[in-house]
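Student: What follows is the file final_31.cif, containing mmCIF, C-alpha atoms (C1' of nucleotides):
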data_run
#
loop_
_atom_site.label_atom_id
_atom_site.label_comp_id
_atom_site.auth_asym_id
_atom_site.auth_seq_id
_atom_site.Cartn_x
_atom_site.Cartn_y
_atom_site.Cartn_z
CA MET A 1 24.74 -17.42 11.47
CA VAL A 2 27.59 -17.93 13.85
CA HIS A 3 25.47 -17.79 17.00
CA PRO A 4 22.06 -19.36 16.50
CA SER A 5 19.94 -18.07 19.34
CA PRO A 6 17.33 -20.11 21.18
CA ALA A 7 14.63 -17.95 19.65
CA VAL A 8 15.78 -19.00 16.22
CA GLU A 9 15.59 -22.65 17.23
CA GLU A 10 12.00 -22.06 18.28
CA ILE A 11 11.19 -20.83 14.82
CA VAL A 12 12.99 -23.80 13.34
CA SER A 13 10.84 -26.10 15.47
CA THR A 14 7.73 -24.39 14.20
CA LEU A 15 8.89 -24.99 10.66
CA ARG A 16 9.55 -28.67 11.31
CA GLY A 17 6.21 -28.99 13.05
CA ALA A 18 4.55 -27.68 9.92
CA ALA A 19 6.49 -30.08 7.69
CA LYS A 20 8.34 -27.18 6.14
CA ARG A 21 11.99 -27.53 5.20
CA VAL A 22 14.66 -25.81 7.20
CA THR A 23 17.05 -24.02 4.92
CA VAL A 24 19.90 -21.58 5.26
CA PRO A 25 17.87 -18.62 3.95
CA LYS A 26 15.06 -19.37 6.40
CA ARG A 27 17.44 -19.64 9.37
CA THR A 28 19.04 -16.38 8.37
CA VAL A 29 15.75 -14.53 8.04
CA ALA A 30 14.73 -15.91 11.42
CA GLN A 31 17.96 -14.71 12.99
CA VAL A 32 17.56 -11.26 11.49
CA LEU A 33 14.04 -10.97 12.83
CA VAL A 34 15.11 -12.13 16.27
CA ASP A 35 17.97 -9.65 16.36
CA ALA A 36 15.89 -6.79 14.99
CA PRO A 37 14.61 -4.28 17.49
CA GLY A 38 11.37 -3.36 15.79
CA HIS A 39 9.72 -3.23 12.43
CA LEU A 40 11.65 -3.94 9.27
CA THR A 41 10.78 -3.56 5.64
CA VAL A 42 11.45 -6.43 3.27
CA GLU A 43 14.33 -4.49 1.86
CA GLU A 44 15.88 -4.01 5.28
CA ILE A 45 15.47 -7.67 6.05
CA THR A 46 17.05 -8.62 2.74
CA HIS A 47 20.05 -6.38 3.34
CA ALA A 48 20.56 -7.77 6.82
CA VAL A 49 20.28 -11.33 5.52
CA GLN A 50 22.76 -10.60 2.76
CA LYS A 51 25.38 -9.52 5.27
CA TRP A 52 25.59 -13.20 6.21
CA GLN A 53 24.37 -14.87 3.05
CA PRO A 54 24.97 -12.61 0.07
CA GLU A 55 23.35 -14.96 -2.44
CA VAL A 56 19.93 -14.88 -0.83
CA SER A 57 17.59 -12.98 -3.11
CA GLN A 58 14.84 -10.58 -2.21
CA SER A 59 12.18 -12.74 -3.80
CA THR A 60 13.22 -15.56 -1.51
CA VAL A 61 12.85 -13.24 1.45
CA TYR A 62 9.35 -12.39 0.28
CA ARG A 63 8.49 -16.06 0.01
CA ILE A 64 9.95 -16.86 3.41
CA LEU A 65 8.07 -14.01 5.07
CA GLU A 66 4.89 -15.21 3.43
CA GLU A 67 5.45 -18.66 4.87
CA PHE A 68 6.41 -17.27 8.28
CA GLU A 69 3.25 -15.22 8.33
CA ALA A 70 1.09 -18.23 7.49
CA LEU A 71 2.74 -20.00 10.44
CA LYS A 72 2.12 -16.95 12.62
CA ILE A 73 5.83 -16.49 13.18
CA VAL A 74 5.65 -12.92 11.96
CA VAL A 75 3.01 -10.31 11.29
CA HIS A 76 3.12 -7.40 8.94
CA SER A 77 1.44 -4.02 8.62
CA HIS A 78 1.10 -1.61 5.79
CA MET A 79 2.36 1.88 6.37
CA ALA A 80 0.27 4.27 4.32
CA GLN A 81 1.33 4.03 0.71
CA HIS A 82 4.75 2.73 1.58
CA ALA A 83 6.22 -0.72 1.87
CA ALA A 84 4.99 -3.25 4.37
CA VAL A 85 6.93 -3.86 7.58
CA TYR A 86 7.38 -7.18 9.35
CA HIS A 87 8.23 -8.19 12.89
CA LEU A 88 7.98 -11.26 15.07
CA ALA A 89 4.50 -12.20 16.19
CA GLY A 90 3.79 -12.93 19.82
CA THR A 91 3.21 -9.59 21.40
CA THR A 92 -0.10 -8.36 20.13
CA HIS A 93 -0.13 -4.64 19.65
CA GLY A 94 -1.30 -1.87 17.43
CA HIS A 95 0.85 0.40 15.32
CA LEU A 96 0.61 4.14 15.37
CA ILE A 97 2.09 5.78 12.31
CA CYS A 98 2.76 9.49 12.18
CA SER A 99 1.73 10.81 8.81
CA GLN A 100 4.04 13.80 9.24
CA CYS A 101 7.40 12.22 10.03
CA GLY A 102 6.67 8.59 9.35
CA VAL A 103 7.70 7.14 12.70
CA ALA A 104 5.88 4.01 13.73
CA PHE A 105 5.53 2.83 17.26
CA GLU A 106 3.68 0.16 19.09
CA VAL A 107 0.97 0.37 21.69
CA PRO A 108 -0.35 -2.51 23.79
CA ALA A 109 -3.41 -4.21 22.40
CA SER A 110 -5.35 -3.35 25.53
CA HIS A 111 -5.88 0.13 24.19
CA PHE A 112 -8.08 -1.33 21.51
CA ASP A 113 -10.28 -3.38 23.82
CA HIS A 114 -13.01 -0.80 23.99
CA LEU A 115 -13.09 -0.15 20.26
CA SER A 116 -12.88 -3.85 19.59
CA LYS A 117 -15.95 -4.61 21.70
CA GLU A 118 -17.88 -1.75 20.21
CA LEU A 119 -17.24 -2.75 16.63
CA LEU A 120 -18.12 -6.34 17.37
CA ARG A 121 -21.32 -5.42 19.13
CA ASN A 122 -22.51 -2.81 16.67
CA PHE A 123 -21.28 -4.16 13.37
CA GLY A 124 -20.38 -7.78 13.96
CA PHE A 125 -16.88 -6.80 12.89
CA ARG A 126 -13.98 -8.51 14.59
CA LEU A 127 -10.99 -6.26 14.63
CA ASP A 128 -7.69 -7.84 13.67
CA ARG A 129 -5.40 -6.91 16.52
CA HIS A 130 -2.33 -8.37 14.88
CA HIS A 131 -2.66 -6.17 11.88
CA LEU A 132 -3.66 -2.84 13.19
CA ALA A 133 -2.14 0.33 11.86
CA ILE A 134 -3.56 3.73 12.61
CA THR A 135 -2.37 6.99 11.18
CA GLY A 136 -2.24 10.30 12.93
CA THR A 137 0.23 12.82 14.25
CA CYS A 138 2.84 12.05 16.88
CA ARG A 139 3.56 14.29 19.85
CA GLN A 140 6.70 15.82 18.41
CA CYS A 141 5.06 16.78 15.16
CA ARG A 142 2.04 18.12 17.00
CA GLU A 143 4.23 20.29 19.20
CA ARG A 144 6.24 21.45 16.24
CA ALA A 145 2.96 22.43 14.58
CA GLY A 146 1.76 24.16 17.72
CA ASP A 147 -1.12 21.77 18.33
CA MET B 148 -21.25 17.00 -17.70
CA VAL B 149 -24.75 17.73 -18.86
CA HIS B 150 -26.18 18.47 -15.43
CA PRO B 151 -23.68 20.18 -13.16
CA SER B 152 -24.98 19.70 -9.64
CA PRO B 153 -24.76 22.30 -6.88
CA ALA B 154 -22.28 20.10 -5.05
CA VAL B 155 -19.96 20.31 -8.04
CA GLU B 156 -20.22 24.08 -8.02
CA GLU B 157 -19.15 24.07 -4.39
CA ILE B 158 -16.03 22.19 -5.35
CA VAL B 159 -15.43 24.63 -8.19
CA SER B 160 -15.67 27.49 -5.71
CA THR B 161 -13.11 25.83 -3.50
CA LEU B 162 -10.78 25.58 -6.46
CA ARG B 163 -11.23 29.22 -7.35
CA GLY B 164 -10.73 30.22 -3.74
CA ALA B 165 -7.40 28.43 -3.81
CA ALA B 166 -6.38 30.12 -7.05
CA LYS B 167 -6.51 26.80 -8.84
CA ARG B 168 -7.71 26.58 -12.40
CA VAL B 169 -11.08 25.13 -13.18
CA THR B 170 -10.77 22.68 -16.04
CA VAL B 171 -12.96 20.14 -17.75
CA PRO B 172 -11.12 17.17 -16.23
CA LYS B 173 -11.47 18.65 -12.75
CA ARG B 174 -15.18 19.32 -13.18
CA THR B 175 -15.68 15.81 -14.43
CA VAL B 176 -13.80 14.22 -11.53
CA ALA B 177 -15.84 16.37 -9.16
CA GLN B 178 -19.08 15.25 -10.76
CA VAL B 179 -18.07 11.60 -10.58
CA LEU B 180 -17.23 11.92 -6.89
CA VAL B 181 -20.50 13.68 -6.17
CA ASP B 182 -22.49 11.03 -8.02
CA ALA B 183 -20.57 8.14 -6.49
CA PRO B 184 -22.23 6.31 -3.64
CA GLY B 185 -19.14 5.35 -1.71
CA HIS B 186 -15.47 4.70 -2.10
CA LEU B 187 -13.87 4.55 -5.51
CA THR B 188 -10.45 3.49 -6.66
CA VAL B 189 -8.52 5.72 -8.99
CA GLU B 190 -9.20 3.27 -11.76
CA GLU B 191 -12.94 3.40 -11.14
CA ILE B 192 -12.89 7.17 -11.08
CA THR B 193 -10.94 7.26 -14.31
CA HIS B 194 -13.38 4.93 -16.05
CA ALA B 195 -16.33 6.97 -14.88
CA VAL B 196 -14.67 10.18 -16.01
CA GLN B 197 -13.87 8.69 -19.38
CA LYS B 198 -17.51 7.93 -20.01
CA TRP B 199 -17.95 11.66 -20.36
CA GLN B 200 -14.48 12.75 -21.35
CA PRO B 201 -12.65 9.88 -23.02
CA GLU B 202 -9.40 11.79 -23.46
CA VAL B 203 -8.80 12.34 -19.77
CA SER B 204 -5.85 10.24 -18.70
CA GLN B 205 -5.37 8.32 -15.51
CA SER B 206 -2.31 10.33 -14.53
CA THR B 207 -4.42 13.47 -14.72
CA VAL B 208 -6.94 11.87 -12.40
CA TYR B 209 -4.13 11.09 -9.97
CA ARG B 210 -2.98 14.69 -10.11
CA ILE B 211 -6.48 16.04 -9.65
CA LEU B 212 -7.15 13.79 -6.68
CA GLU B 213 -3.88 14.88 -5.13
CA GLU B 214 -4.95 18.51 -5.50
CA PHE B 215 -8.45 17.78 -4.21
CA GLU B 216 -6.99 16.06 -1.20
CA ALA B 217 -4.71 19.00 -0.42
CA LEU B 218 -7.80 21.20 -0.56
CA LYS B 219 -9.66 18.75 1.68
CA ILE B 220 -12.25 18.10 -0.98
CA VAL B 221 -11.59 14.37 -0.80
CA VAL B 222 -9.91 11.92 1.52
CA HIS B 223 -8.42 8.58 0.72
CA SER B 224 -7.67 5.39 2.59
CA HIS B 225 -5.46 2.47 1.86
CA MET B 226 -7.11 -0.88 1.81
CA ALA B 227 -4.58 -3.46 2.95
CA GLN B 228 -2.27 -4.19 0.07
CA HIS B 229 -4.70 -2.98 -2.55
CA ALA B 230 -5.21 0.30 -4.29
CA ALA B 231 -6.24 3.42 -2.44
CA VAL B 232 -9.87 4.53 -2.48
CA TYR B 233 -11.16 8.08 -2.54
CA HIS B 234 -14.40 9.73 -1.56
CA LEU B 235 -15.67 13.19 -0.77
CA ALA B 236 -14.56 14.65 2.52
CA GLY B 237 -17.07 16.13 4.91
CA THR B 238 -18.48 13.19 6.75
CA THR B 239 -15.79 12.02 9.08
CA HIS B 240 -15.80 8.30 9.55
CA GLY B 241 -13.64 5.26 9.88
CA HIS B 242 -13.32 2.44 7.43
CA LEU B 243 -13.62 -1.19 8.37
CA ILE B 244 -12.08 -3.53 5.84
CA CYS B 245 -12.71 -7.25 5.92
CA SER B 246 -9.49 -9.07 5.24
CA GLN B 247 -11.42 -12.15 4.13
CA CYS B 248 -13.77 -10.81 1.48
CA GLY B 249 -12.44 -7.31 1.01
CA VAL B 250 -15.63 -5.36 1.67
CA ALA B 251 -15.15 -1.92 3.12
CA PHE B 252 -17.76 -0.07 5.05
CA GLU B 253 -17.97 3.09 7.03
CA VAL B 254 -18.65 3.68 10.67
CA PRO B 255 -19.33 7.01 12.34
CA ALA B 256 -16.31 8.71 13.83
CA SER B 257 -17.92 8.68 17.24
CA HIS B 258 -16.89 5.07 17.64
CA PHE B 259 -13.30 6.21 17.75
CA ASP B 260 -13.77 8.88 20.39
CA HIS B 261 -12.68 6.69 23.24
CA LEU B 262 -9.62 5.33 21.46
CA SER B 263 -8.80 8.79 20.22
CA LYS B 264 -8.76 10.26 23.72
CA GLU B 265 -6.74 7.39 25.09
CA LEU B 266 -4.04 7.60 22.46
CA LEU B 267 -3.81 11.34 22.90
CA ARG B 268 -3.58 11.11 26.67
CA ASN B 269 -1.16 8.22 26.81
CA PHE B 270 1.03 8.77 23.81
CA GLY B 271 0.42 12.31 22.67
CA PHE B 272 -0.73 10.81 19.40
CA ARG B 273 -3.56 12.50 17.57
CA LEU B 274 -5.49 10.00 15.56
CA ASP B 275 -6.35 11.02 12.03
CA ARG B 276 -10.06 10.47 11.80
CA HIS B 277 -10.21 11.25 8.13
CA HIS B 278 -7.81 8.54 7.26
CA LEU B 279 -8.73 5.66 9.44
CA ALA B 280 -8.79 2.14 8.08
CA ILE B 281 -8.99 -0.89 10.28
CA THR B 282 -8.79 -4.47 9.15
CA GLY B 283 -10.64 -7.38 10.61
CA THR B 284 -13.35 -9.85 9.73
CA CYS B 285 -16.90 -8.88 8.83
CA ARG B 286 -19.98 -10.56 10.22
CA GLN B 287 -20.68 -12.66 7.16
CA CYS B 288 -17.19 -14.04 6.98
CA ARG B 289 -17.17 -14.69 10.71
CA GLU B 290 -20.42 -16.61 10.48
CA ARG B 291 -19.19 -18.53 7.49
CA ALA B 292 -16.11 -19.46 9.49
CA GLY B 293 -18.22 -20.43 12.48
CA ASP B 294 -16.92 -17.66 14.73
"C1'" DT C 295 0.55 36.17 -22.88
"C1'" DT C 296 1.71 33.53 -18.88
"C1'" DG C 297 2.25 29.53 -16.69
"C1'" DC C 298 -0.76 26.19 -14.76
"C1'" DC C 299 -2.76 21.78 -16.65
"C1'" DT C 300 -2.91 18.02 -19.41
"C1'" DG C 301 -1.85 13.74 -22.36
"C1'" DC C 302 1.26 10.52 -23.34
"C1'" DA C 303 4.73 7.47 -22.43
"C1'" DA C 304 8.29 6.06 -19.75
"C1'" DA C 305 9.98 5.40 -15.18
"C1'" DT C 306 9.63 3.90 -10.32
"C1'" DC C 307 8.42 1.35 -6.44
"C1'" DC C 308 6.84 -2.76 -4.23
"C1'" DT C 309 5.58 -7.37 -4.95
"C1'" DT C 310 4.70 -11.64 -7.48
"C1'" DT C 311 5.79 -15.25 -10.76
"C1'" DG C 312 7.99 -18.64 -14.28
"C1'" DC C 313 11.45 -21.61 -14.81
"C1'" DA C 314 15.55 -24.22 -14.39
"C1'" DC C 315 18.56 -25.56 -10.80
"C1'" DT C 316 19.79 -26.71 -5.95
"C1'" DT C 317 18.94 -28.27 -1.65
"C1'" DT C 318 16.38 -30.84 2.14
"C1'" DT C 319 14.21 -34.87 3.48
"C1'" DA D 320 14.96 -39.85 -5.93
"C1'" DA D 321 11.15 -36.85 -4.91
"C1'" DA D 322 9.57 -32.75 -3.42
"C1'" DA D 323 10.20 -28.40 -1.68
"C1'" DG D 324 12.93 -24.35 -1.84
"C1'" DT D 325 15.83 -21.07 -4.32
"C1'" DG D 326 18.07 -17.51 -7.68
"C1'" DC D 327 17.45 -14.89 -11.41
"C1'" DA D 328 15.10 -12.17 -14.36
"C1'" DA D 329 10.99 -10.76 -16.10
"C1'" DA D 330 6.22 -9.54 -15.27
"C1'" DG D 331 2.73 -7.12 -12.58
"C1'" DG D 332 -0.09 -3.48 -10.54
"C1'" DA D 333 -0.21 1.11 -8.54
"C1'" DT D 334 1.58 5.51 -8.67
"C1'" DT D 335 4.79 9.18 -10.22
"C1'" DT D 336 7.25 11.97 -13.40
"C1'" DG D 337 9.37 14.39 -17.76
"C1'" DC D 338 8.20 16.84 -21.40
"C1'" DA D 339 5.88 19.16 -25.17
"C1'" DG D 340 1.71 21.02 -26.30
"C1'" DG D 341 -3.00 23.10 -24.69
"C1'" DC D 342 -6.04 25.90 -22.22
"C1'" DA D 343 -7.71 28.99 -18.19
"C1'" DA D 344 -6.90 33.29 -16.40
#
Kindly return the structure encoded in the file as structure tokens.

Tutor:
Amino acid sequence: MVHPSPAVEEIVSTLRGAAKRVTVPKRTVAQVLVDAPGHLTVEEITHAVQKWQPEVSQSTVYRILEEFEALKIVVHSHMAQHAAVYHLAGTTHGHLICSQCGVAFEVPASHFDHLSKELLRNFGFRLDRHHLAITGTCRQCRERAGD
Amino acid sequence: MVHPSPAVEEIVSTLRGAAKRVTVPKRTVAQVLVDAPGHLTVEEITHAVQKWQPEVSQSTVYRILEEFEALKIVVHSHMAQHAAVYHLAGTTHGHLICSQCGVAFEVPASHFDHLSKELLRNFGFRLDRHHLAITGTCRQCRERAGD
DNA sequence: TTGCCTGCAAATCCTTTGCACTTTT
DNA sequence: AAAAGTGCAAAGGATTTGCAGGCAA
């Protein structure tokens, strides 16, 4: 944690605003999430945290992510039968997961507007746009399969 | 397995067609799935099977469901962080899962046509309509929350 | 008879929890 | 000092796997 970024300080403010304590493990998890490009599993987050703070345990990371999610600092999705992945909240988007190769990528939430309205109108169901993961086949795997 | 239904015999034919062996556990799982109204967890399937065949083990049920899925006899979805649920294939539909109360219900695949086309056009991603599970909030929970 | 299937138990993977100890406030 | 947070290890639930014996073909 040599260079605390402004984004980390924002998260710290959120913690203080919620009367949560600001600790070294929490700052480190925040920094890792800010630095991370995309989605990370808990294990990946733990490893990254432990590069700076080797004593931080995985169960602590789980507890911190749980708290961060309650404060809407992060969101997570479940990838098929595999481990959950976390990333910073803020940009609402859906996740497309290729069931062939496993890649996950994000699409703007606007693509779900139509579906969202339809499900609300027809079923009274409000789609959770922060927690949307859809499986299918990505372009590369489709082309490889001759689709 | 006192009354093997025609639907079970169809499944048996599929097994034979794939050079798979037809066993008592497989017949029983097939019958349970045919009799079941909706989505069942592996545990529920195992319990139902064991009413008829108490010696059938849960790991066998897992293996049978895996085989049935490869043969497109069943499909499964993952409900948030909980166990997977299985049901007979055939009717393509999506699953809506309420993250508040946990209920899961089905909606016709046609509701995903628009999204499906958009994802394919924009991202080359082919949505898997047999394996679609979307989280959100159901009508009852929304009303209870005053939404 | 052959080798696919099965039962059992143990192993694995991801996640949660109990408890004593350490920090933050 | 009080309360919240943490580390460790053990527990937990879901799913997979190794292996010896059993049954369909």

Student: Least-squares align chain A to chain B using all Cα atoms paired by position, then dump the moved coordinates as a short mmCIF file (atom, residue, chain, number, x, y, z; two decimals) with C-alpha atoms, keeping the file's coordinate frame.

Tutor:
data_model
loop_
_atom_site.label_atom_id
_atom_site.label_comp_id
_atom_site.auth_asym_id
_atom_site.auth_seq_id
_atom_site.Cartn_x
_atom_site.Cartn_y
_atom_site.Cartn_z
CA MET A 1 -21.27 16.87 -17.70
CA VAL A 2 -24.75 17.58 -18.90
CA HIS A 3 -26.19 18.27 -15.45
CA PRO A 4 -23.70 20.02 -13.19
CA SER A 5 -25.02 19.53 -9.69
CA PRO A 6 -24.85 22.13 -6.94
CA ALA A 7 -22.35 19.97 -5.11
CA VAL A 8 -20.04 20.20 -8.07
CA GLU A 9 -20.34 23.98 -8.07
CA GLU A 10 -19.28 23.95 -4.43
CA ILE A 11 -16.12 22.13 -5.36
CA VAL A 12 -15.56 24.56 -8.19
CA SER A 13 -15.85 27.43 -5.72
CA THR A 14 -13.28 25.80 -3.50
CA LEU A 15 -10.94 25.57 -6.44
CA ARG A 16 -11.41 29.22 -7.34
CA GLY A 17 -10.96 30.20 -3.71
CA ALA A 18 -7.61 28.44 -3.75
CA ALA A 19 -6.57 30.16 -6.99
CA LYS A 20 -6.65 26.85 -8.79
CA ARG A 21 -7.86 26.66 -12.38
CA VAL A 22 -11.19 25.13 -13.20
CA THR A 23 -10.84 22.71 -16.05
CA VAL A 24 -12.98 20.13 -17.77
CA PRO A 25 -11.13 17.17 -16.23
CA LYS A 26 -11.50 18.66 -12.75
CA ARG A 27 -15.24 19.29 -13.20
CA THR A 28 -15.68 15.76 -14.44
CA VAL A 29 -13.80 14.20 -11.54
CA ALA A 30 -15.86 16.32 -9.17
CA GLN A 31 -19.08 15.16 -10.78
CA VAL A 32 -18.03 11.53 -10.60
CA LEU A 33 -17.21 11.85 -6.92
CA VAL A 34 -20.51 13.57 -6.20
CA ASP A 35 -22.45 10.90 -8.06
CA ALA A 36 -20.51 8.03 -6.52
CA PRO A 37 -22.15 6.20 -3.67
CA GLY A 38 -19.06 5.27 -1.72
CA HIS A 39 -15.39 4.62 -2.11
CA LEU A 40 -13.77 4.50 -5.51
CA THR A 41 -10.34 3.48 -6.64
CA VAL A 42 -8.43 5.74 -8.99
CA GLU A 43 -9.09 3.30 -11.76
CA GLU A 44 -12.82 3.38 -11.14
CA ILE A 45 -12.80 7.14 -11.08
CA THR A 46 -10.84 7.25 -14.31
CA HIS A 47 -13.26 4.91 -16.06
CA ALA A 48 -16.25 6.92 -14.90
CA VAL A 49 -14.60 10.15 -16.02
CA GLN A 50 -13.79 8.66 -19.40
CA LYS A 51 -17.44 7.86 -20.03
CA TRP A 52 -17.90 11.62 -20.40
CA GLN A 53 -14.42 12.73 -21.38
CA PRO A 54 -12.56 9.87 -23.03
CA GLU A 55 -9.32 11.81 -23.46
CA VAL A 56 -8.76 12.37 -19.76
CA SER A 57 -5.81 10.28 -18.68
CA GLN A 58 -5.31 8.38 -15.48
CA SER A 59 -2.27 10.41 -14.52
CA THR A 60 -4.41 13.53 -14.70
CA VAL A 61 -6.91 11.89 -12.39
CA TYR A 62 -4.11 11.15 -9.96
CA ARG A 63 -2.98 14.76 -10.08
CA ILE A 64 -6.50 16.08 -9.63
CA LEU A 65 -7.15 13.81 -6.66
CA GLU A 66 -3.90 14.95 -5.13
CA GLU A 67 -5.00 18.55 -5.48
CA PHE A 68 -8.50 17.79 -4.20
CA GLU A 69 -7.03 16.09 -1.18
CA ALA A 70 -4.79 19.06 -0.40
CA LEU A 71 -7.93 21.23 -0.54
CA LYS A 72 -9.74 18.75 1.70
CA ILE A 73 -12.31 18.07 -0.98
CA VAL A 74 -11.62 14.36 -0.81
CA VAL A 75 -9.91 11.92 1.51
CA HIS A 76 -8.37 8.60 0.72
CA SER A 77 -7.57 5.40 2.58
CA HIS A 78 -5.33 2.51 1.81
CA MET A 79 -6.91 -0.89 1.73
CA ALA A 80 -4.35 -3.44 2.82
CA GLN A 81 -1.93 -4.03 -0.01
CA HIS A 82 -4.39 -2.90 -2.62
CA ALA A 83 -5.04 0.38 -4.33
CA ALA A 84 -6.13 3.46 -2.47
CA VAL A 85 -9.78 4.52 -2.49
CA TYR A 86 -11.10 8.07 -2.54
CA HIS A 87 -14.37 9.69 -1.56
CA LEU A 88 -15.67 13.14 -0.78
CA ALA A 89 -14.55 14.61 2.52
CA GLY A 90 -17.07 16.11 4.89
CA THR A 91 -18.44 13.23 6.83
CA THR A 92 -15.70 12.08 9.13
CA HIS A 93 -15.72 8.36 9.60
CA GLY A 94 -13.56 5.32 9.91
CA HIS A 95 -13.28 2.49 7.44
CA LEU A 96 -13.63 -1.13 8.37
CA ILE A 97 -12.12 -3.48 5.83
CA CYS A 98 -12.81 -7.19 5.91
CA SER A 99 -9.62 -9.05 5.22
CA GLN A 100 -11.60 -12.10 4.10
CA CYS A 101 -13.93 -10.71 1.44
CA GLY A 102 -12.54 -7.24 1.00
CA VAL A 103 -15.70 -5.25 1.65
CA ALA A 104 -15.18 -1.82 3.12
CA PHE A 105 -17.76 0.07 5.05
CA GLU A 106 -17.93 3.21 7.05
CA VAL A 107 -18.59 3.78 10.71
CA PRO A 108 -19.26 7.13 12.37
CA ALA A 109 -16.22 8.80 13.85
CA SER A 110 -17.82 8.77 17.27
CA HIS A 111 -16.83 5.15 17.66
CA PHE A 112 -13.23 6.25 17.78
CA ASP A 113 -13.68 8.91 20.44
CA HIS A 114 -12.61 6.68 23.27
CA LEU A 115 -9.56 5.31 21.49
CA SER A 116 -8.70 8.76 20.26
CA LYS A 117 -8.65 10.21 23.78
CA GLU A 118 -6.68 7.31 25.12
CA LEU A 119 -3.97 7.50 22.51
CA LEU A 120 -3.67 11.24 22.95
CA ARG A 121 -3.46 10.99 26.71
CA ASN A 122 -1.07 8.06 26.88
CA PHE A 123 1.12 8.60 23.86
CA GLY A 124 0.56 12.17 22.75
CA PHE A 125 -0.61 10.67 19.47
CA ARG A 126 -3.42 12.41 17.65
CA LEU A 127 -5.38 9.94 15.62
CA ASP A 128 -6.23 10.99 12.09
CA ARG A 129 -9.96 10.44 11.87
CA HIS A 130 -10.13 11.25 8.19
CA HIS A 131 -7.74 8.53 7.29
CA LEU A 132 -8.65 5.64 9.44
CA ALA A 133 -8.76 2.14 8.07
CA ILE A 134 -8.99 -0.89 10.28
CA THR A 135 -8.85 -4.47 9.15
CA GLY A 136 -10.75 -7.36 10.59
CA THR A 137 -13.50 -9.78 9.72
CA CYS A 138 -17.03 -8.75 8.81
CA ARG A 139 -20.14 -10.40 10.21
CA GLN A 140 -20.87 -12.48 7.14
CA CYS A 141 -17.39 -13.91 6.95
CA ARG A 142 -17.39 -14.57 10.68
CA GLU A 143 -20.67 -16.45 10.44
CA ARG A 144 -19.48 -18.36 7.42
CA ALA A 145 -16.41 -19.34 9.44
CA GLY A 146 -18.53 -20.29 12.42
CA ASP A 147 -17.16 -17.57 14.68
#

Student: Leaving out segment 334-339 of chain D and any residue of its chain fewer than 2 positions from it, which residues lie within 9 Å of it when counting all atoms listed in the file, given as a PyMOL selection string?

Tutor: (chain B and resi 206+209) or (chain C and resi 304-307)

Student: Which polymer residues have any atom within 12 Å of an atom of Gln31 of chain A, counting all atoms listed in the file, with same-chain residues fewer than 5 positions away left out, as a list of chain:residue names?

Tutor: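 In the requested form, the answer reads A:Met1, A:Val2, A:His3, A:Pro4, A:Ser5, A:Pro6, A:Ala7, A:Val8, A:Glu9, A:Glu10, A:Ile11, A:Val12, A:Val24, A:Pro25, A:Lys26, A:Ala36, A:Pro37, A:Ile45, A:Thr46, A:Ala48, A:Val49, A:Lys51, A:Trp52, A:Gln53, A:His87, A:Leu88.
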
Student: Check every residue of chain A for an atom within 12 Å of chain C, counting all atoms listed in the file, and provide those that qualify as a list in words.

Tutor: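 Only these qualify: Arg16, Ala19, Lys20, Arg21, Val22, Thr23, Val24, Pro25, Thr41, Val42, Glu43, Gln58, Ser59, Thr60, Val61, Tyr62, Arg63, Glu66, His78, Gln81, His82, Ala83, Ala84 and Val85 of chain A.
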
Student: Find the nearest atom pair between each residue of chain A and chain B for residues within 9 Å, count all atoms listed in the file, give distances in Å to one decimal, sort rows by chain and ascending number, and present the table as CSV.

Tutor:
residue,atom,partner,partner_atom,distance
A:Ser77,CA,B:Ala227,CA,8.3
A:His78,CA,B:Ala227,CA,6.6
A:Ala80,CA,B:His225,CA,6.5
A:Gln81,CA,B:His225,CA,7.1
A:Ala84,CA,B:Gln228,CA,8.5
A:Leu96,CA,B:Phe272,CA,7.9
A:Cys98,CA,B:Phe272,CA,8.1
A:Ser99,CA,B:Asp275,CA,8.7
A:Val107,CA,B:Phe270,CA,8.7
A:His111,CA,B:Leu262,CA,7.0
A:Phe112,CA,B:Leu262,CA,6.8
A:His114,CA,B:Leu262,CA,7.4
A:Leu115,CA,B:Leu262,CA,6.6
A:Glu118,CA,B:His258,CA,7.4
A:Leu119,CA,B:His258,CA,7.9
A:Leu120,CA,B:Arg286,CA,8.5
A:Phe123,CA,B:Arg286,CA,7.3
A:Gly124,CA,B:Arg286,CA,4.7
A:Phe125,CA,B:Cys285,CA,4.6
A:Arg126,CA,B:Thr284,CA,5.1
A:Leu127,CA,B:Gly283,CA,4.2
A:Asp128,CA,B:Gly283,CA,4.3
A:Arg129,CA,B:Gly283,CA,7.9
A:His131,CA,B:Thr282,CA,6.9
A:Leu132,CA,B:Ile281,CA,6.4
A:Ala133,CA,B:Ile281,CA,7.1
A:Ile134,CA,B:Leu279,CA,6.4
A:Thr135,CA,B:Asp275,CA,5.7
A:Gly136,CA,B:Leu274,CA,4.2
A:Thr137,CA,B:Arg273,CA,5.0
A:Cys138,CA,B:Phe272,CA,4.5
A:Arg139,CA,B:Gly271,CA,4.7
A:Gln140,CA,B:Gly271,CA,8.4
A:Arg142,CA,B:Arg273,CA,8.0

Student: Distance atom CA of Ala236 of chain B-atom CA of Lys219 of chain B, one decimal place?

Tutor: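 These two atoms are separated by 6.4 Å.
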
Student: Hey, what comes out of the PyMOL selection byres ((chain D) within 10 of (chain A)) on this file? Could you write it as a tab-separated table (two decimals) with C-alpha atoms (C1' of nucleotides), in the frame of the given file?

Tutor:
chain	number	residue	atom	x	y	z
D	323	DA	C1'	10.20	-28.40	-1.68
D	324	DG	C1'	12.93	-24.35	-1.84
D	325	DT	C1'	15.83	-21.07	-4.32
D	326	DG	C1'	18.07	-17.51	-7.68
D	327	DC	C1'	17.45	-14.89	-11.41
D	333	DA	C1'	-0.21	1.11	-8.54
D	334	DT	C1'	1.58	5.51	-8.67
